[in-house]
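A short write-up of the structure that comes next.
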Amino acid sequence: MVINKKINFDIDIGETSNVSPEERELLLTTEFIKELYSQPHSRIELNSIQLKNIENLILIGFGGSTLGTKSIFKIFPELLSKKTYTIDNLDSEEFNKIFEGLNINKTMFLFISKSGNTFEVITLLNEVLKKINSSENVFFITDTNNSKLNKIAKEKNIKVFDVNKELGGRFSVLSKSTYIPCQINNFNWLEMHDGALNFLETQKKTNFILIESVCNFLINNYRNGKNILCLMPYDNHLDSFSEWLMQLIGESIGKENLGGYSVGLTPIKYLGPKDQHSQMQLILDGPKDKVVFLLSSKKSKSVNKSIDDANLLELNATEAALKEKQIQTLKMEIEDMSPADLGSLFIMFELIITLIGIRLGINPFDQPAVELIKKRLP
């Protein structure tokens, strides 16, 4: 199935059903679709920030606040104007290592937390403030409520960019939370935004046939006992995209449905061909409870054609082995990925996961069980 001239999605769609009028209405009225149609104002807001002396960007956030941005920066490092670091875990050694030799006066610190109360973000903010002399280059992206971040912002005169309080973090990749760090890095987020919009308009004309086909494929396999989705890109730079997708699937789908039964599609992140030597034996000969999603990105101008050809050979050999063992497989090939193509992928998977949630009878936009951890933190 061709998504556009550069993206091919190989899927055995089998029998399909139509997206119902009710499902179509639910998809088109989701908060992330409303956000996509709203006129972005990120560029206007950045006019007040002095960027000419900034050489480094440190992005600090957890989960959906940074995973999308992190994947963009990993896929397109050559399009970034700043040396960029992402801190998305509490690791004291990694944290201190970033500051070794760092020119703090030429570094922007961008903290992202929708609630403004994320324990890990507040912890790291306090540590950063200990290391810098001024908060002039510190910025927050958060909801403008009476949160801990906003209280600190008022005390220290820190600039705050507000976010859509109705938009969940893992569905916020095509929003201000991502566009602001992209613009700071001179990355063309408008091209990505337009790519997502164009994909959406095409799907609307076909009544979401691609979204429905992938949803149907995954749900049918899930109901046949295949509740593990192995995400396996064959490019290092796509590994962070798998990380974004893993959170989107896990946190959206894993919960109790309306009947009180636990449901969930479990995503596992692999990397080919490396993990052929550690996990493929399990996938091929182990329990038949898995679906494999192979993902590759081809470049017309190869840095090393011999290595790229060997990598493609590995991918094709793996695909053939999976088919021989009758392992259900999805395969996506992308040629010369652009920001617009990535925008298409972001919105495509947001729509797929939303439709799966609707059909499994759960709310894909909340995460009630995670609150059990949050309420035990200060």
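Chain labels run A, B, ... following the order of the structure tokens; each chain numbers its residues from 1, and ligands are numbered from 1 in the order shown.
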Counting only C-alpha atoms, what is within 7 Å of Phe187 of chain A, bar same-chain residues fewer than 3 positions away, as a short mmCIF file (atom, residue, chain, number, x, y, z; two decimals) with C-alpha atoms, in the first residue's frame?
```cif
data_model
loop_
_atom_site.label_atom_id
_atom_site.label_comp_id
_atom_site.auth_asym_id
_atom_site.auth_seq_id
_atom_site.Cartn_x
_atom_site.Cartn_y
_atom_site.Cartn_z
CA LEU A 79 19.25 20.01 9.58
CA LEU A 80 19.88 21.31 13.12
CA CYS A 182 12.40 22.67 16.30
CA GLN A 183 12.35 26.38 15.53
#
```
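Taking only C-alpha atoms into account, Leu125 of chain A lies nearest to A:Ile152 out of the set A:Ile152, A:Ile141, A:Leu271, A:Val19.
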Exercise. Which parts of segment 113-326 of chain A does DSSP call alpha helix (DSSP H) when run on the backbone here, written out as an NGL selection string?
Worked result: :A and (119-131 or 148-156 or 176-184 or 189-205 or 209-223 or 239-253 or 280-285 or 305-324)
For this session: Just the residues within 6 Å of segment 220-234 of chain A, please, counting only C-alpha atoms, with nothing from its chain fewer than 2 positions along; format it as number ranges by chain.
Result: A: 216-218, 265-272, 289-296
For this session: Have a look at A:Gly357, A:Met108, A:Pro378, A:Trp244 and name the one nearest to Leu26 of chain A; count only C-alpha atoms.
Result: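 Selected residue with least distance to Leu26 of chain A: A:Gly357.
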Problem set entry | Residues within 12 Å of Asn164 of chain A, only C-alpha atoms, excluding chain neighbours under 2 positions, as a PyMOL selection string | chain A and resi 31-32+34-36+38+40+113-115+141-145+161-162+166-169+171-172+174-177
Could you save those same residues with C-alpha atoms as a PDB file, in the first residue's frame?
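File selection-v4.pdb, as written:
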```pdb
ATOM      1  CA  GLU A  31      -7.674  17.066  20.262  1.00  0.00           C
ATOM      2  CA  PHE A  32      -4.556  16.293  18.204  1.00  0.00           C
ATOM      3  CA  LYS A  34      -7.938  20.099  16.270  1.00  0.00           C
ATOM      4  CA  GLU A  35      -4.385  21.137  17.119  1.00  0.00           C
ATOM      5  CA  LEU A  36      -3.176  20.211  13.630  1.00  0.00           C
ATOM      6  CA  SER A  38      -5.156  25.380  14.325  1.00  0.00           C
ATOM      7  CA  PRO A  40       0.608  27.538  14.660  1.00  0.00           C
ATOM      8  CA  SER A 113       6.090  19.460  31.223  1.00  0.00           C
ATOM      9  CA  LYS A 114       2.420  19.712  30.339  1.00  0.00           C
ATOM     10  CA  SER A 115       1.298  19.626  33.974  1.00  0.00           C
ATOM     11  CA  ILE A 141       6.890  24.827  27.892  1.00  0.00           C
ATOM     12  CA  THR A 142       3.931  24.052  30.147  1.00  0.00           C
ATOM     13  CA  ASP A 143       0.306  24.700  30.942  1.00  0.00           C
ATOM     14  CA  THR A 144      -0.147  28.169  32.446  1.00  0.00           C
ATOM     15  CA  ASN A 145      -1.737  26.915  35.635  1.00  0.00           C
ATOM     16  CA  PHE A 161       5.353  29.030  26.500  1.00  0.00           C
ATOM     17  CA  ASP A 162       1.856  27.765  27.197  1.00  0.00           C
ATOM     18  CA  GLU A 166      -6.515  19.382  26.548  1.00  0.00           C
ATOM     19  CA  LEU A 167      -3.797  17.759  24.432  1.00  0.00           C
ATOM     20  CA  GLY A 168      -2.104  14.698  25.955  1.00  0.00           C
ATOM     21  CA  GLY A 169       1.682  14.604  25.875  1.00  0.00           C
ATOM     22  CA  PHE A 171      -0.262  13.023  21.097  1.00  0.00           C
ATOM     23  CA  SER A 172       1.526  16.387  21.154  1.00  0.00           C
ATOM     24  CA  LEU A 174       2.574  17.933  16.033  1.00  0.00           C
ATOM     25  CA  SER A 175       2.108  20.877  18.368  1.00  0.00           C
ATOM     26  CA  LYS A 176       3.911  23.756  20.036  1.00  0.00           C
ATOM     27  CA  SER A 177       5.715  21.386  22.437  1.00  0.00           C
TER      28      SER A 177
END
```
For this session: Excluding Ala369 of chain A and residues on its chain fewer than 5 positions from it, collect all residues at most 10 Å away from it, counting only C-alpha atoms, and give them as an MDAnalysis selection string.
Result: chainID A and resid 251 254:256 374
N, CA and C atoms of the current selection, written as a JSON list (two decimals), in the first residue's frame:
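result29.json, freshly written:
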```json
[["chain", "number", "residue", "atom", "x", "y", "z"],
["A", 251, "GLU", "N", 1.01, 3.31, 26.33],
["A", 251, "GLU", "CA", 0.24, 4.14, 27.26],
["A", 251, "GLU", "C", -1.18, 4.40, 26.78],
["A", 254, "GLY", "N", -2.88, 0.05, 26.68],
["A", 254, "GLY", "CA", -2.81, -0.85, 27.83],
["A", 254, "GLY", "C", -3.64, -0.38, 29.01],
["A", 255, "LYS", "N", -4.86, -0.85, 29.14],
["A", 255, "LYS", "CA", -5.72, -0.44, 30.26],
["A", 255, "LYS", "C", -6.97, -1.30, 30.31],
["A", 256, "GLU", "N", -7.82, -1.04, 31.27],
["A", 256, "GLU", "CA", -9.09, -1.78, 31.36],
["A", 256, "GLU", "C", -10.11, -1.19, 30.40],
["A", 374, "LYS", "N", 2.54, 8.53, 40.30],
["A", 374, "LYS", "CA", 2.68, 9.98, 40.51],
["A", 374, "LYS", "C", 2.21, 10.42, 41.89]]
```
For this session: Taking the DSSP assignment computed from this structure's backbone, write out as number ranges by chain all residues of segment 253-298 of chain A that belong to strand (DSSP E).
Result: A: 255-256, 262-263, 266-269, 290-298
Residues near segment 58-68 of chain A, anyone? I mean within 9 Å using only C-alpha atoms, not counting same-chain ones fewer than 6 positions away, as a short mmCIF file (atom, residue, chain, number, x, y, z; two decimals) with N, CA and C atoms, in the first residue's frame.
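Result file is part35.cif:
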```
data_model
loop_
_atom_site.label_atom_id
_atom_site.label_comp_id
_atom_site.auth_asym_id
_atom_site.auth_seq_id
_atom_site.Cartn_x
_atom_site.Cartn_y
_atom_site.Cartn_z
N LYS A 83 24.01 22.39 18.72
CA LYS A 83 24.38 21.11 19.31
C LYS A 83 23.33 20.79 20.36
N THR A 84 22.67 19.66 20.20
CA THR A 84 21.46 19.39 20.98
C THR A 84 21.60 18.15 21.85
N TYR A 85 21.16 18.31 23.09
CA TYR A 85 21.15 17.19 24.04
C TYR A 85 19.72 17.02 24.55
N THR A 86 19.35 15.78 24.80
CA THR A 86 18.06 15.50 25.41
C THR A 86 18.27 14.78 26.73
N ILE A 87 17.72 15.34 27.80
CA ILE A 87 17.77 14.68 29.10
C ILE A 87 16.36 14.18 29.40
N ASP A 88 16.19 12.86 29.36
CA ASP A 88 14.86 12.29 29.57
C ASP A 88 14.91 11.11 30.54
N ASN A 89 15.88 11.18 31.46
CA ASN A 89 15.95 10.17 32.51
C ASN A 89 16.71 10.75 33.70
N THR A 107 24.20 28.37 26.08
CA THR A 107 23.33 27.20 26.11
C THR A 107 21.92 27.59 26.53
N MET A 108 20.93 27.10 25.78
CA MET A 108 19.54 27.28 26.16
C MET A 108 19.04 26.01 26.83
N PHE A 109 18.35 26.18 27.95
CA PHE A 109 17.75 25.06 28.69
C PHE A 109 16.23 25.15 28.51
N LEU A 110 15.67 24.14 27.88
CA LEU A 110 14.23 24.14 27.58
C LEU A 110 13.58 22.98 28.33
N PHE A 111 12.78 23.32 29.33
CA PHE A 111 12.08 22.32 30.15
C PHE A 111 10.64 22.18 29.66
N ILE A 112 10.22 20.93 29.46
CA ILE A 112 8.88 20.68 28.95
C ILE A 112 8.12 19.78 29.91
N SER A 113 6.97 20.24 30.37
CA SER A 113 6.09 19.46 31.22
C SER A 113 4.69 20.02 31.09
N LYS A 114 3.78 19.22 30.54
CA LYS A 114 2.42 19.71 30.34
C LYS A 114 1.80 20.15 31.66
N THR A 118 5.75 17.70 36.87
CA THR A 118 6.46 16.44 36.67
C THR A 118 7.65 16.36 37.62
N GLU A 120 10.28 14.45 37.89
CA GLU A 120 11.62 14.34 37.32
C GLU A 120 12.10 15.68 36.74
N VAL A 121 11.18 16.39 36.10
CA VAL A 121 11.53 17.68 35.50
C VAL A 121 11.90 18.70 36.58
N LEU A 124 15.38 17.89 37.95
CA LEU A 124 16.46 18.30 37.05
C LEU A 124 16.57 19.82 36.95
N LEU A 125 15.45 20.50 37.01
CA LEU A 125 15.47 21.96 37.00
C LEU A 125 16.26 22.49 38.20
N GLY A 168 -2.98 15.59 25.21
CA GLY A 168 -2.10 14.70 25.95
C GLY A 168 -0.69 14.72 25.40
N GLY A 169 0.28 14.51 26.27
CA GLY A 169 1.68 14.60 25.87
C GLY A 169 2.08 13.69 24.74
N ARG A 170 1.62 12.43 24.77
CA ARG A 170 2.05 11.48 23.74
C ARG A 170 1.40 11.76 22.38
N PHE A 171 0.37 12.62 22.36
CA PHE A 171 -0.26 13.02 21.10
C PHE A 171 0.13 14.46 20.72
N SER A 172 1.19 14.97 21.34
CA SER A 172 1.53 16.39 21.15
C SER A 172 2.70 16.62 20.21
N VAL A 173 3.13 15.58 19.48
CA VAL A 173 4.31 15.73 18.63
C VAL A 173 4.10 16.77 17.54
N LEU A 174 2.87 16.94 17.07
CA LEU A 174 2.57 17.93 16.03
C LEU A 174 1.92 19.15 16.68
N SER A 177 4.71 22.05 21.60
CA SER A 177 5.72 21.39 22.44
C SER A 177 6.90 20.91 21.61
N THR A 178 6.63 20.56 20.36
CA THR A 178 7.69 20.12 19.45
C THR A 178 8.16 21.25 18.55
N PRO A 181 11.06 23.79 20.14
CA PRO A 181 12.46 23.33 20.05
C PRO A 181 12.93 23.15 18.61
N SER A 240 14.89 5.98 17.67
CA SER A 240 14.15 6.90 18.54
C SER A 240 12.70 7.05 18.09
N PHE A 241 12.43 6.85 16.79
CA PHE A 241 11.05 6.85 16.32
C PHE A 241 10.31 5.66 16.93
N GLU A 243 10.96 4.39 19.75
CA GLU A 243 10.76 4.74 21.15
C GLU A 243 9.50 5.59 21.31
N TRP A 244 9.32 6.55 20.40
CA TRP A 244 8.09 7.38 20.42
C TRP A 244 6.86 6.50 20.20
N LEU A 245 6.93 5.60 19.22
CA LEU A 245 5.80 4.75 18.89
C LEU A 245 5.49 3.78 20.02
N GLN A 247 5.85 4.29 23.23
CA GLN A 247 5.07 4.98 24.26
C GLN A 247 3.64 5.22 23.81
N LEU A 248 3.47 5.64 22.56
CA LEU A 248 2.13 5.90 22.04
C LEU A 248 1.25 4.66 22.15
N PHE A 346 3.87 10.48 11.81
CA PHE A 346 3.37 10.84 13.14
C PHE A 346 1.84 10.81 13.19
#
```
Problem set entry | Distance criterion (only C-alpha atoms): nearest to Asn53 of chain A out of A:Asn4, A:Asn105, A:Asn126, A:Glu78 | A:Asn105
Test item: residues at most 9 Å from Gln326 of chain A, only C-alpha atoms, excluding those fewer than 4 positions along its chain, as a PDB file with N, CA and C atoms, in the first residue's frame:
```pdb
ATOM      1  N   LEU A 284      11.137 -16.292  15.954  1.00  0.00           N
ATOM      2  CA  LEU A 284      10.884 -17.320  14.939  1.00  0.00           C
ATOM      3  C   LEU A 284      10.431 -18.656  15.525  1.00  0.00           C
ATOM      4  N   ALA A 321      12.548 -15.096   6.341  1.00  0.00           N
ATOM      5  CA  ALA A 321      12.500 -16.076   7.434  1.00  0.00           C
ATOM      6  C   ALA A 321      11.191 -15.948   8.213  1.00  0.00           C
ATOM      7  N   LEU A 322      10.741 -14.729   8.431  1.00  0.00           N
ATOM      8  CA  LEU A 322       9.473 -14.511   9.141  1.00  0.00           C
ATOM      9  C   LEU A 322       8.302 -15.097   8.357  1.00  0.00           C
TER      10      LEU A 322
END
```
Enumerate, in order of chain and increasing residue number, the residues of segment 71-142 of chain A with an atom no farther than 10 Å from segment 334-341 of chain A, each with its shortest atom pair and distance in Å to one decimal, counting only C-alpha atoms, as a tab-separated table.
```
residue	atom	partner	partner_atom	distance
A:Ile72	CA	A:Pro339	CA	8.2
A:Ile75	CA	A:Met337	CA	8.7
A:Phe76	CA	A:Pro339	CA	8.2
A:Leu79	CA	A:Pro339	CA	9.9
```
Atoms kept (N, CA and C atoms) for selection, written as a PDB file, in the first residue's frame:
```
ATOM      1  N   ILE A  72      12.809  13.389  15.935  1.00  0.00           N
ATOM      2  CA  ILE A  72      13.044  14.322  14.824  1.00  0.00           C
ATOM      3  C   ILE A  72      14.521  14.693  14.756  1.00  0.00           C
ATOM      4  N   ILE A  75      16.674  11.777  13.555  1.00  0.00           N
ATOM      5  CA  ILE A  75      16.522  11.441  12.139  1.00  0.00           C
ATOM      6  C   ILE A  75      17.156  12.494  11.235  1.00  0.00           C
ATOM      7  N   PHE A  76      17.104  13.763  11.652  1.00  0.00           N
ATOM      8  CA  PHE A  76      17.604  14.853  10.802  1.00  0.00           C
ATOM      9  C   PHE A  76      18.702  15.666  11.495  1.00  0.00           C
ATOM     10  N   LEU A  79      20.107  18.844   9.772  1.00  0.00           N
ATOM     11  CA  LEU A  79      19.249  20.013   9.576  1.00  0.00           C
ATOM     12  C   LEU A  79      19.176  20.898  10.826  1.00  0.00           C
TER      13      LEU A  79
END
```
Seminar exercise, completed: Students should find that atom CA of Leu90 of chain A and atom CA of Glu127 of chain A are spaced 11.1 Å
